[in-house]
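J.: Sharing a structure with you now.
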Amino acid sequence: MVLSKRLYIKTYGCQMNVYDSEKMEALLKPLGYAVTDAPESADMVILNTCHIREKATEKAYSDMGRMRELKNERQALGKDMIIAVAGCTAQAEGEQILNRAPYVDMVFGPQSYHLLPEMLAKATRSVEKGKGPGCGVLEVDFPEVPKFDFLPEPTEISGPSTFLAIQEGCDKFCHFCCVPYTRGAEYSRPVQDIFKEAKALVVKGAREITLLGQNVNAYHGEAPSNKGEWGLGELSRYLAEIEGLERIRYMTSHPRDVDEALIQAHRDVPQLMPFLHLPVQSGSDVILKAMNRRHTSQFYLDIIAKFRSVRPDIAFSSDFIVGYPGETDQDFEATLDLVRQVNFAQAYSFKYSPRPGTPAAALENQIDEKLKSERLQILQDLLREQQAHFNRNMIGKKLAILLEKVGRHQGQLIGRSPFLQSVHIKAPAQLLGEIVEVEITSGETNSLAAKLIAT
Ligand code: SAH
Ligand code: SF4
Ligand code: F3S
């Protein structure tokens, strides 16, 4: 097949968007689109947006403006460019995008990706009528039929570590968060569909699969042969049976959805990596309640202890929000306290950003930006210190590393440890995609260096 058209996709936000972008690429390939990383030569541009914080949204609007300039340049040369805005901002703002950026041709949310060829047909037809404003194709409904049934199987993988969406949407409605509105209600894919996709990924060369969902451990999918529903623990055990699948990870989890079966799976399934991203957001019970997280800090600490009792080497990562409306010095201290108790291997932290339409955005007691910045700095210093300590502790240890890509230096490969640390190793390129035994020789805040152990 001749791929005569060029497609440029820019992906913002979380891993789910990365996965979705790959699906969109696969959907457009049969229509003759090959991916390019040069937007100026693209017949179609997709901005796969994120709406989680104001900054992410504003970035998408500024990129829309940049694409408009490229579109004008192409049109001056007698060519064209379709500008599409997908993802969570598209879902949240829909029509507003067409008003604010009328040169955009298509706006569609995450639940409509399977309709992409259809939408494109509409857009192309009107583009051919002549230049001028965008085509105004808008698709932000939440369809009854799950889109997963219509998305293509993976045709190629970008490396030995891949993503697989098993669940989408969220019913939790944390008061700060836009995701339940942008991704819709929770949906879990049937076990067999996931198994099939996982197998296809392994056949293409995947050694590691990260199972994705906005609320991945709320997973409750239809089990094989009418055996009711399975949770993430059971699903992981089942996927671990796939020959050649060496590593399984999952994200993002919610503390309330951690069940016994998942904890037991971490005890029994060696493919489940000993690293867990478990967002807590705050260490203050007052703030956790205000956020509608529906658990206490002690509940979180108890879960951590349970995981550690079955898998003593398990490491944790988390997400934090500072400056949630009403957060006092005392509340913030409680967050620092929780961090000290858990000792994280890594973590993300953010200043609270009001999202239109969420309950927290309407609260009166918003925190001053300067105070938010001060708190963020203090929290990040502590988290960075813990991360550096975790990494330095690895020096001299032997670890299994999945070699994922070529490094910047000659003869260097970059891989991941079981704890998701980035590891630089001097190794021959033919080892790419392999899992190798190494000895860690140095540990910095953001990465490790290691040498191959001769076998
Ligand atoms: N489903 C996950 C995370 C979704 S969003 C969970 O249950 O936690 C990823 C992270 O972005 C969140 O964990 C939170 O820390 C952060 N976040 C979400 N909304 C935010 C907001 N309005 N302001 C700042 N950070 C936010
Ligand atoms: Fe957002 Fe909360 Fe759902 Fe996570 S659990 S996606 S933070 S509403
Ligand atoms: Fe952003 Fe949507 Fe992911 S808001 S973090 S792209 S689910």
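Quick note on naming: the chains in the structure tokens go A, B, ... in the order shown, residues restart at 1 in each chain, and ligands are numbered from 1 in order of appearance.
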Determine, counting only C-alpha atoms, which protein, DNA and RNA residues have an atom within 9 Å of an atom of Glu54 of chain A; residues of the same chain fewer than 3 positions away are not included. Present the result as an mmCIF file with C-alpha atoms, in the first residue's frame.
T.:
```
data_model
loop_
_atom_site.group_PDB
_atom_site.id
_atom_site.type_symbol
_atom_site.label_atom_id
_atom_site.label_comp_id
_atom_site.auth_asym_id
_atom_site.auth_seq_id
_atom_site.Cartn_x
_atom_site.Cartn_y
_atom_site.Cartn_z
ATOM 1 C CA HIS A 51 -7.248 18.995 30.206
ATOM 2 C CA THR A 57 -5.125 23.292 28.018
ATOM 3 C CA GLU A 58 -3.446 26.602 27.228
ATOM 4 C CA LYS A 59 -0.554 24.772 25.589
ATOM 5 C CA SER A 353 -5.346 24.201 39.232
ATOM 6 C CA PRO A 354 -9.075 25.054 39.206
ATOM 7 C CA ARG A 355 -10.878 23.230 36.380
#
```
J.: Assign secondary structure with DSSP using the backbone only, and return the residues of segment 23-200 of chain A in helix (DSSP H, G or I) as a PyMOL selection string.
T.: chain A and resi 23-31+39-41+54-76+87-93+95-100+110-129+147-150+179-183+191-200
J.: Each residue of chain A lying at most 7 Å from ligand 1 should get a row with its shortest atom-to-atom pair and the distance in Å to one decimal, counting only C-alpha atoms and all ligand atoms; could you produce that, ordered by chain and increasing number, as JSON lines?
T.:
```
{"residue": "A:Ile52", "atom": "CA", "partner": "ligand 1", "partner_atom_place_in_ligand_line": "19 (N)", "distance": 5.2}
{"residue": "A:Arg53", "atom": "CA", "partner": "ligand 1", "partner_atom_place_in_ligand_line": "23 (N)", "distance": 5.3}
{"residue": "A:Phe176", "atom": "CA", "partner": "ligand 1", "partner_atom_place_in_ligand_line": "22 (N)", "distance": 4.6}
{"residue": "A:Cys177", "atom": "CA", "partner": "ligand 1", "partner_atom_place_in_ligand_line": "19 (N)", "distance": 4.2}
{"residue": "A:Cys178", "atom": "CA", "partner": "ligand 1", "partner_atom_place_in_ligand_line": "19 (N)", "distance": 6.5}
{"residue": "A:Val179", "atom": "CA", "partner": "ligand 1", "partner_atom_place_in_ligand_line": "4 (C)", "distance": 6.9}
{"residue": "A:Gln214", "atom": "CA", "partner": "ligand 1", "partner_atom_place_in_ligand_line": "1 (N)", "distance": 4.4}
{"residue": "A:Asn215", "atom": "CA", "partner": "ligand 1", "partner_atom_place_in_ligand_line": "1 (N)", "distance": 5.1}
{"residue": "A:Thr252", "atom": "CA", "partner": "ligand 1", "partner_atom_place_in_ligand_line": "2 (C)", "distance": 5.3}
{"residue": "A:Ser253", "atom": "CA", "partner": "ligand 1", "partner_atom_place_in_ligand_line": "7 (O)", "distance": 6.0}
{"residue": "A:His254", "atom": "CA", "partner": "ligand 1", "partner_atom_place_in_ligand_line": "7 (O)", "distance": 4.9}
{"residue": "A:Pro279", "atom": "CA", "partner": "ligand 1", "partner_atom_place_in_ligand_line": "8 (O)", "distance": 4.8}
{"residue": "A:Val280", "atom": "CA", "partner": "ligand 1", "partner_atom_place_in_ligand_line": "8 (O)", "distance": 6.9}
{"residue": "A:Gln281", "atom": "CA", "partner": "ligand 1", "partner_atom_place_in_ligand_line": "15 (O)", "distance": 5.5}
{"residue": "A:Asp319", "atom": "CA", "partner": "ligand 1", "partner_atom_place_in_ligand_line": "15 (O)", "distance": 4.4}
{"residue": "A:Phe320", "atom": "CA", "partner": "ligand 1", "partner_atom_place_in_ligand_line": "15 (O)", "distance": 4.8}
{"residue": "A:Ile321", "atom": "CA", "partner": "ligand 1", "partner_atom_place_in_ligand_line": "15 (O)", "distance": 5.2}
{"residue": "A:Ser349", "atom": "CA", "partner": "ligand 1", "partner_atom_place_in_ligand_line": "15 (O)", "distance": 6.5}
{"residue": "A:Phe350", "atom": "CA", "partner": "ligand 1", "partner_atom_place_in_ligand_line": "25 (N)", "distance": 5.1}
{"residue": "A:Lys351", "atom": "CA", "partner": "ligand 1", "partner_atom_place_in_ligand_line": "24 (C)", "distance": 5.3}
{"residue": "A:Tyr352", "atom": "CA", "partner": "ligand 1", "partner_atom_place_in_ligand_line": "23 (N)", "distance": 3.8}
{"residue": "A:Ser353", "atom": "CA", "partner": "ligand 1", "partner_atom_place_in_ligand_line": "23 (N)", "distance": 3.8}
{"residue": "A:Pro354", "atom": "CA", "partner": "ligand 1", "partner_atom_place_in_ligand_line": "22 (N)", "distance": 5.2}
{"residue": "A:Arg355", "atom": "CA", "partner": "ligand 1", "partner_atom_place_in_ligand_line": "22 (N)", "distance": 5.5}
```
J.: Go through the chains and note each residue within 7 Å of ligand 3, using only C-alpha atoms and all ligand atoms, then give the set as a PDB file with N, CA and C atoms, in the first residue's frame.
T.:
```
ATOM      1  N   TYR A  12      -0.296  15.059  24.282  1.00  0.00           N
ATOM      2  CA  TYR A  12      -0.096  15.694  25.584  1.00  0.00           C
ATOM      3  C   TYR A  12      -0.646  14.751  26.654  1.00  0.00           C
ATOM      4  N   GLY A  13      -0.245  15.001  27.913  1.00  0.00           N
ATOM      5  CA  GLY A  13      -0.924  14.323  29.019  1.00  0.00           C
ATOM      6  C   GLY A  13      -0.439  12.932  29.320  1.00  0.00           C
ATOM      7  N   CYS A  14      -1.379  12.037  29.635  1.00  0.00           N
ATOM      8  CA  CYS A  14      -1.026  10.759  30.251  1.00  0.00           C
ATOM      9  C   CYS A  14      -0.789   9.639  29.227  1.00  0.00           C
ATOM     10  N   GLN A  15      -0.428   8.476  29.748  1.00  0.00           N
ATOM     11  CA  GLN A  15      -0.140   7.299  28.904  1.00  0.00           C
ATOM     12  C   GLN A  15      -1.344   6.873  28.088  1.00  0.00           C
ATOM     13  N   MET A  16      -2.539   7.119  28.618  1.00  0.00           N
ATOM     14  CA  MET A  16      -3.733   6.730  27.864  1.00  0.00           C
ATOM     15  C   MET A  16      -3.772   7.492  26.537  1.00  0.00           C
ATOM     16  N   ASN A  17      -3.339   8.747  26.572  1.00  0.00           N
ATOM     17  CA  ASN A  17      -3.288   9.514  25.331  1.00  0.00           C
ATOM     18  C   ASN A  17      -2.231   8.949  24.372  1.00  0.00           C
ATOM     19  N   THR A  49      -5.072  16.226  23.044  1.00  0.00           N
ATOM     20  CA  THR A  49      -4.901  17.153  24.168  1.00  0.00           C
ATOM     21  C   THR A  49      -5.187  16.569  25.551  1.00  0.00           C
ATOM     22  N   CYS A  50      -4.716  17.302  26.560  1.00  0.00           N
ATOM     23  CA  CYS A  50      -4.936  16.974  27.971  1.00  0.00           C
ATOM     24  C   CYS A  50      -5.574  18.177  28.650  1.00  0.00           C
ATOM     25  N   HIS A  51      -6.487  17.911  29.575  1.00  0.00           N
ATOM     26  CA  HIS A  51      -7.248  18.995  30.206  1.00  0.00           C
ATOM     27  C   HIS A  51      -7.018  19.074  31.706  1.00  0.00           C
ATOM     28  N   ILE A  52      -6.045  18.305  32.194  1.00  0.00           N
ATOM     29  CA  ILE A  52      -5.949  18.067  33.639  1.00  0.00           C
ATOM     30  C   ILE A  52      -5.652  19.336  34.428  1.00  0.00           C
ATOM     31  N   GLY A  87      -8.774  14.263  22.177  1.00  0.00           N
ATOM     32  CA  GLY A  87      -8.377  14.172  23.585  1.00  0.00           C
ATOM     33  C   GLY A  87      -9.317  14.878  24.539  1.00  0.00           C
ATOM     34  N   CYS A  88      -8.807  15.107  25.744  1.00  0.00           N
ATOM     35  CA  CYS A  88      -9.671  15.530  26.851  1.00  0.00           C
ATOM     36  C   CYS A  88     -10.128  16.979  26.743  1.00  0.00           C
ATOM     37  N   CYS A 178     -11.117  16.763  36.319  1.00  0.00           N
ATOM     38  CA  CYS A 178     -11.977  16.854  35.138  1.00  0.00           C
ATOM     39  C   CYS A 178     -12.173  15.500  34.449  1.00  0.00           C
ATOM     40  N   VAL A 179     -11.393  14.495  34.839  1.00  0.00           N
ATOM     41  CA  VAL A 179     -11.385  13.232  34.079  1.00  0.00           C
ATOM     42  C   VAL A 179     -12.753  12.536  33.958  1.00  0.00           C
ATOM     43  N   THR A 182     -14.308  14.117  31.072  1.00  0.00           N
ATOM     44  CA  THR A 182     -13.685  14.015  29.755  1.00  0.00           C
ATOM     45  C   THR A 182     -13.615  12.575  29.258  1.00  0.00           C
ATOM     46  N   ARG A 183     -13.498  11.625  30.182  1.00  0.00           N
ATOM     47  CA  ARG A 183     -13.379  10.216  29.766  1.00  0.00           C
ATOM     48  C   ARG A 183     -14.655   9.437  30.004  1.00  0.00           C
ATOM     49  N   GLN A 214      -7.837   4.953  33.656  1.00  0.00           N
ATOM     50  CA  GLN A 214      -7.860   6.125  34.542  1.00  0.00           C
ATOM     51  C   GLN A 214      -7.959   5.653  35.983  1.00  0.00           C
TER      52      GLN A 214
END
```
J.: For the atom pair atom CA of Gln377 of chain A and atom CA of Gln330 of chain A, what is the interatomic distance in Å to one decimal place?
T.: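 We find that atom CA of Gln377 of chain A and atom CA of Gln330 of chain A lie 16.5 Å from each other.
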J.: Tell me, as a PyMOL selection string, which residues lie within 6 Å of Leu448 of chain A, counting only C-alpha atoms; anything in the same chain fewer than 5 positions away does not count.
T.: chain A and resi 423+442-443
J.: Identify, on the basis of only C-alpha atoms, every residue whose closest approach to Ala90 of chain A does not exceed 10 Å; exclude the query and any residue fewer than 4 positions from it along the same chain; express the result as a list in words.
T.: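 Counting only C-alpha atoms, the residues come to Leu47, Asn48, Thr49, Cys50, His51, Thr57, Ala60, Ala84, Val85, Ala86, Gly94, Glu95, Gln96, Ile97, Leu98, Met106, Val107, Phe108, Gly109, Pro110, Leu138, Glu139, Val140 and Thr182 of chain A.
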J.: Would you kindly return, as a list in words, each protein, DNA or RNA residue with an atom no farther than 10 Å from any atom of Ser41 of chain A, considering only C-alpha atoms and excluding same-chain residues fewer than 2 positions away?
T.: Lys5, Arg6, Leu7, Tyr8, Thr36, Asp37, Ala38, Pro39, Asp43, Met44, Val45, Leu70, Lys71, Arg74, Lys79, Asp80 and Met81 of chain A
J.: Have a look at A:His175, A:Lys426, A:Arg249, A:Lys29 and name the one nearest to ligand 2; count only C-alpha atoms and all ligand atoms.
T.: A:His175
J.: In terms of the shortest atom-to-atom distance over only C-alpha atoms and all ligand atoms, which of A:Met291, A:Val18, A:Ile304, A:Ile46 is closest to ligand 2?
T.: A:Met291
J.: List the neighbours of Ala290 of chain A out to 12 Å using only C-alpha atoms; skip same-chain residues closer than 3 positions along the sequence, and give me the result as JSON, numbers by chain.
T.: {"A": [173, 174, 175, 176, 281, 282, 284, 285, 286, 287, 293, 294, 295, 296, 324, 325, 326, 327, 331, 359, 360, 363, 365]}
J.: Can you work out which one of A:Leu27, A:Val137, A:Val202, A:Leu120 has the shortest atom-to-atom distance to Pro152 of chain A, counting only C-alpha atoms?
T.: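 Distance minimum relative to Pro152 of chain A lands on A:Leu27.
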J.: Near Asp193 of chain A, counting only C-alpha atoms, which residues have an atom at most 12 Å away, once you skip same-chain residues fewer than 4 positions from it, shown as a list of chain:residue names?
T.: A:Phe148, A:Asp149, A:Phe150, A:Leu151, A:Pro152, A:Glu153, A:Leu164, A:Ala165, A:Ile166, A:Gln167, A:Ser188, A:Arg189, A:Glu197, A:Ala198, A:Lys199, A:Ala200, A:Gly221, A:Glu222, A:Ala223, A:Pro224, A:Leu235, A:Leu239
